[in-house]
Amino acid sequence: MIKIFIDEQQVEVEEGMTVLKAAERAGIHIPHLCYHPAFPPEGSCRMCLVEIEGFPKLELACSTVVKEDMKISIKSARVVEARKAVLEFLLAEHPLDCPICDKAGDCKLQDYYDEYGLFESKFSETKEKREKKLKIGKTLILDQERCILCTRCVRFLKEVTKTQELGVFHRGIDAEVNIYEGAAVLNNYTGNLAQICPVGAITDEDFRFKTRSWFLKEGESICPLCSRGCNILIEYHPGFPRFEVPRRAYRIKARENPEVNGFWVCDRGKYGYSYLEEGRADKIILNKIEGKDVLTWENISEYLGEKIKRVSSAKKTSGIALVLHTWLSNEELFLIHKIFRKGLKVKKIFFADLPQGEADEYLLTSETSPNRRGAQEIGFDIKAVNLDALAKGTDFLLAFGPFLSGLFSLKALKEVLSKVKRKVLISSYLNEVNSLFDIVIPAALIAEKEGSLTNVDGVIQSFKPALEPPGESLPEWKVLADLGKELGTDSKLFEDLNSPGAILGEMGKEIPFFKKK
Amino acid sequence: MSLEFSEKTKKKIEEIIARYPQKEAALLPVLHVTQQEFGFISAVQEKMVAQILGIKPIRVRELVTFYTMLSRESLGKYHIQVCTNLSCHLLGADNFVDYLVEKLGIEPGETTPDKKFTLSKVECLGACERAPCMMINFNYYGEMDPKKVDEILDGLK
């Protein structure tokens, strides 16, 4: 560690670090456009110029390495003047169409102009006309007028995807980013380009003109669409559903996590967010019920507990069957394991997940659910659903998830399930199989609840709710914890398991894999 | 259109590649050889070069469009590049260009119909001591005047 001074503030930093990184580590932001932490410094935008004592000229913070006792000024008059000049040149050819630009409100060039610019431009020449809506990928639109040639996109395609669909052609005032002869940007990570573009040059048709970025709030979550567990931000409209907007989630962004996904998210995770709202179940569905007329979240575990107790005392536990899936969190799977597998010794436990998909060679895995590894570590033997075995001698079926309908025909399911006396489904979706169950309880999705997931490499990642669950939906862990209490197998323990954090703590005590490292 | 390098050029390219620890480093000299063979570098040549060097055609396009000495269009047999930068300008480069325009019957940037000459105005050729100067292909000619230019051009077959 060495010490440097940034605007007289003493900062301890690692040797070999650049000024920009060192400042960032100390919580000081140095303006920059072309620099991105995923790539080596480029030094083309000149926004990060800083004054260093003993250096005759201003230096680039992104590529200058710190030295012991270095005295750096990032706010001196010289630096501010330089920033202003750099901005003036960057804006000399920039169209300033911010009112119709999708990036407005989210644009670093706009922010910096607001902070350091605010000048009358000395350029009176007409700006060059260039392509304004060049379709360069599945959903990507390139506006060459807005481009400031930072080459983040070019470097991303060269260094991360190694597909090199974009290049910089010509030079000087004619320089432009473009694709090669109609060969569009086609890979599984194109969505990141719109995110890393610091200006509005690359925009995304998936988001373009749908809303304005300043209406959106963001919530941290984990992508559940494969077993990588990429860290994401869900940008949603907080007005939903109070006032009319067609949807609540508008955009998924990658959230930095060097251990799992770096700075990126694949296109499936980026664009496949319709699962958050399409066909969601938001009310408890009662198809067939005896005794009570009203079933709410408050008495649902009581109801389930009573049914389970009745079956288990009469027929032992061979009368109970479970269908699970691996979108359930570690905590939920653990509670199920504890209550049913260990407590009631239920043997008929099956898993219904989406079939495996294609993996790519980077982030996307072939598993299409987020927590298969967690289920394995908890001790489940992951068996696919066998309908005959499931129904044979079963009086009570508790099923989770919507995936049965994708695996079997409705007819086959109807035939088999009609043999089961009582059946309850806990699912987030309105689905054709719902009609086959006595009760369907709406459940929250990973984006709407708290818990943790174990990714394909065994990394345990906790998440908090990013969105409100719709209607009456509640997280499964809650109904399971209540059910545990109700069944009285170990009611004192379940009394304490009143949050995912507490459940994970208990897991750590029982299963070494989940012990906090 | 399927084109191939001549055997002679292929050999030359192999020699060039062998000089560098990485194949991509040979890109610029290989482009010069390619231009010598075909007279220009269009998409077809870009792909040929990319294939030989194991890189993407887009990388070749980046260089071809950046460097003014690489041409994307067919040039005449003799490429006349006249310097119009400061020293040459002061010593009458503009008149000299006018003389060439009149003599060849083409504007700067154009090629004669018989494909013999292409005329270009360029920035400093780095030979100010011999201003006004010009290049014909890779040869330098300095202290130009109309008489000298007549002699030189008439001597070119």
# chains A, B, ... in the order shown; residues from 1 in each chain; ligands from 1
$ interface_residues --of "chain B" --to "chain A" --cutoff "6 Å" --atoms "only C-alpha atoms" --output "PDB file with N, CA and C atoms, in the first residue's frame"
ATOM      1  N   ILE B  58     -13.293  -7.312 -40.926  1.00  0.00           N
ATOM      2  CA  ILE B  58     -13.582  -5.978 -40.394  1.00  0.00           C
ATOM      3  C   ILE B  58     -12.300  -5.285 -39.918  1.00  0.00           C
ATOM      4  N   GLU B  62     -10.854  -1.685 -41.247  1.00  0.00           N
ATOM      5  CA  GLU B  62     -10.479  -0.564 -40.371  1.00  0.00           C
ATOM      6  C   GLU B  62      -9.185   0.092 -40.859  1.00  0.00           C
ATOM      7  N   THR B  65      -9.463   1.740 -44.554  1.00  0.00           N
ATOM      8  CA  THR B  65     -10.150   3.029 -44.603  1.00  0.00           C
ATOM      9  C   THR B  65      -9.388   4.106 -43.843  1.00  0.00           C
ATOM     10  N   PHE B  66      -8.501   3.704 -42.936  1.00  0.00           N
ATOM     11  CA  PHE B  66      -7.747   4.683 -42.144  1.00  0.00           C
ATOM     12  C   PHE B  66      -6.581   5.262 -42.941  1.00  0.00           C
TER      13      PHE B  66
END
$ select_by_dssp --residues "range 137-357 of chain A" --states "strand (DSSP E)" --output "PyMOL selection string"
chain A and resi 140-142+166-169+176-179+202-204+217-222+231-236+249-254+285-286+320-324+348-351
$ atom_distance --atom1 "CA of Met1 in chain A" --atom2 "CA of Gly27 in chain A"
17.1 Å
$ residues_around --residues "range 128-145 of chain B" --least-positions-apart "4" --cutoff "8 Å" --atoms "only C-alpha atoms" --output "list in words"
Tyr78, His79, Ile80, Gln81, Val82, Cys83, Ser87, Cys88, His89, Leu91, Gly92, Ala93, Phe96, Cys124 and Val149 of chain B
$ atom_distance --atom1 "CA of Ile336 in chain A" --atom2 "CA of Leu354 in chain A"
20.3 Å
$ residues_around --residues "Val64 in chain B" --least-positions-apart "6" --cutoff "10 Å" --atoms "only C-alpha atoms" --output "list in words"
Phe169 and His170 of chain A; Leu28, Leu31, Phe40, Ile41, Ser42, Glu46, Ile58, Leu70, Ser71 and Arg72 of chain B
$ write_last_selection --atoms "C-alpha atoms" --output "mmCIF file, in the first residue's frame"
data_model
loop_
_atom_site.group_PDB
_atom_site.id
_atom_site.type_symbol
_atom_site.label_atom_id
_atom_site.label_comp_id
_atom_site.auth_asym_id
_atom_site.auth_seq_id
_atom_site.Cartn_x
_atom_site.Cartn_y
_atom_site.Cartn_z
ATOM 1 C CA PHE A 169 -13.793 2.925 -40.259
ATOM 2 C CA HIS A 170 -12.166 5.986 -41.852
ATOM 3 C CA LEU B 28 0.046 -3.468 -43.138
ATOM 4 C CA LEU B 31 -1.881 -4.853 -47.586
ATOM 5 C CA PHE B 40 -6.707 -1.554 -54.970
ATOM 6 C CA ILE B 41 -8.207 -3.297 -51.937
ATOM 7 C CA SER B 42 -11.950 -3.897 -52.119
ATOM 8 C CA GLU B 46 -10.046 -7.655 -47.622
ATOM 9 C CA ILE B 58 -13.582 -5.978 -40.394
ATOM 10 C CA LEU B 70 -4.290 2.183 -49.303
ATOM 11 C CA SER B 71 -6.900 2.603 -51.992
ATOM 12 C CA ARG B 72 -10.308 0.985 -52.141
#
$ residues_around --residues "range 104-117 of chain B" --least-positions-apart "5" --cutoff "9 Å" --atoms "only C-alpha atoms" --output "ChimeraX atom specification"
/B:74-80,97-99,157
$ write_last_selection --atoms "N, CA and C atoms" --output "PDB file, in the first residue's frame"
ATOM      1  N   SER B  74      -9.820   1.210 -57.881  1.00  0.00           N
ATOM      2  CA  SER B  74      -8.767   0.955 -58.847  1.00  0.00           C
ATOM      3  C   SER B  74      -8.002   2.245 -59.177  1.00  0.00           C
ATOM      4  N   LEU B  75      -6.673   2.202 -59.103  1.00  0.00           N
ATOM      5  CA  LEU B  75      -5.840   3.359 -59.438  1.00  0.00           C
ATOM      6  C   LEU B  75      -5.234   3.138 -60.820  1.00  0.00           C
ATOM      7  N   GLY B  76      -4.733   4.258 -61.420  1.00  0.00           N
ATOM      8  CA  GLY B  76      -4.022   4.111 -62.678  1.00  0.00           C
ATOM      9  C   GLY B  76      -2.689   3.405 -62.456  1.00  0.00           C
ATOM     10  N   LYS B  77      -2.025   3.105 -63.583  1.00  0.00           N
ATOM     11  CA  LYS B  77      -0.742   2.412 -63.483  1.00  0.00           C
ATOM     12  C   LYS B  77       0.243   3.269 -62.687  1.00  0.00           C
ATOM     13  N   TYR B  78       0.170   4.580 -62.935  1.00  0.00           N
ATOM     14  CA  TYR B  78       1.044   5.501 -62.191  1.00  0.00           C
ATOM     15  C   TYR B  78       0.203   6.401 -61.300  1.00  0.00           C
ATOM     16  N   HIS B  79       0.486   6.363 -60.007  1.00  0.00           N
ATOM     17  CA  HIS B  79      -0.259   7.179 -59.053  1.00  0.00           C
ATOM     18  C   HIS B  79       0.575   8.410 -58.727  1.00  0.00           C
ATOM     19  N   ILE B  80       0.134   9.561 -59.216  1.00  0.00           N
ATOM     20  CA  ILE B  80       0.890  10.793 -58.993  1.00  0.00           C
ATOM     21  C   ILE B  80       0.327  11.487 -57.759  1.00  0.00           C
ATOM     22  N   VAL B  97      -0.155  21.728 -59.680  1.00  0.00           N
ATOM     23  CA  VAL B  97      -1.318  20.849 -59.779  1.00  0.00           C
ATOM     24  C   VAL B  97      -2.164  21.259 -60.990  1.00  0.00           C
ATOM     25  N   ASP B  98      -2.367  22.590 -61.149  1.00  0.00           N
ATOM     26  CA  ASP B  98      -3.152  23.073 -62.292  1.00  0.00           C
ATOM     27  C   ASP B  98      -2.548  22.596 -63.611  1.00  0.00           C
ATOM     28  N   TYR B  99      -1.220  22.655 -63.686  1.00  0.00           N
ATOM     29  CA  TYR B  99      -0.544  22.220 -64.910  1.00  0.00           C
ATOM     30  C   TYR B  99      -0.846  20.745 -65.183  1.00  0.00           C
ATOM     31  N   LYS B 157       6.066   4.565 -69.469  1.00  0.00           N
ATOM     32  CA  LYS B 157       5.355   3.776 -70.487  1.00  0.00           C
ATOM     33  C   LYS B 157       4.032   3.265 -69.923  1.00  0.00           C
TER      34      LYS B 157
END
$ residues_around --residues "Asp69 in chain A" --least-positions-apart "3" --cutoff "7 Å" --atoms "only C-alpha atoms" --output "PyMOL selection string"
chain A and resi 3-5
$ residues_around --residues "range 506-511 of chain A" --least-positions-apart "5" --cutoff "8 Å" --atoms "only C-alpha atoms" --output "ChimeraX atom specification"
/A:331,334,378,497,516
$ atom_distance --atom1 "CA of Lys347 in chain A" --atom2 "CA of Thr368 in chain A"
25.2 Å
$ select_by_dssp --residues "range 7-152 of chain B" --states "alpha helix (DSSP H)" --output "PyMOL selection string"
chain B and resi 7-18+27-38+43-53+57-66+86-90+93-104+146-152
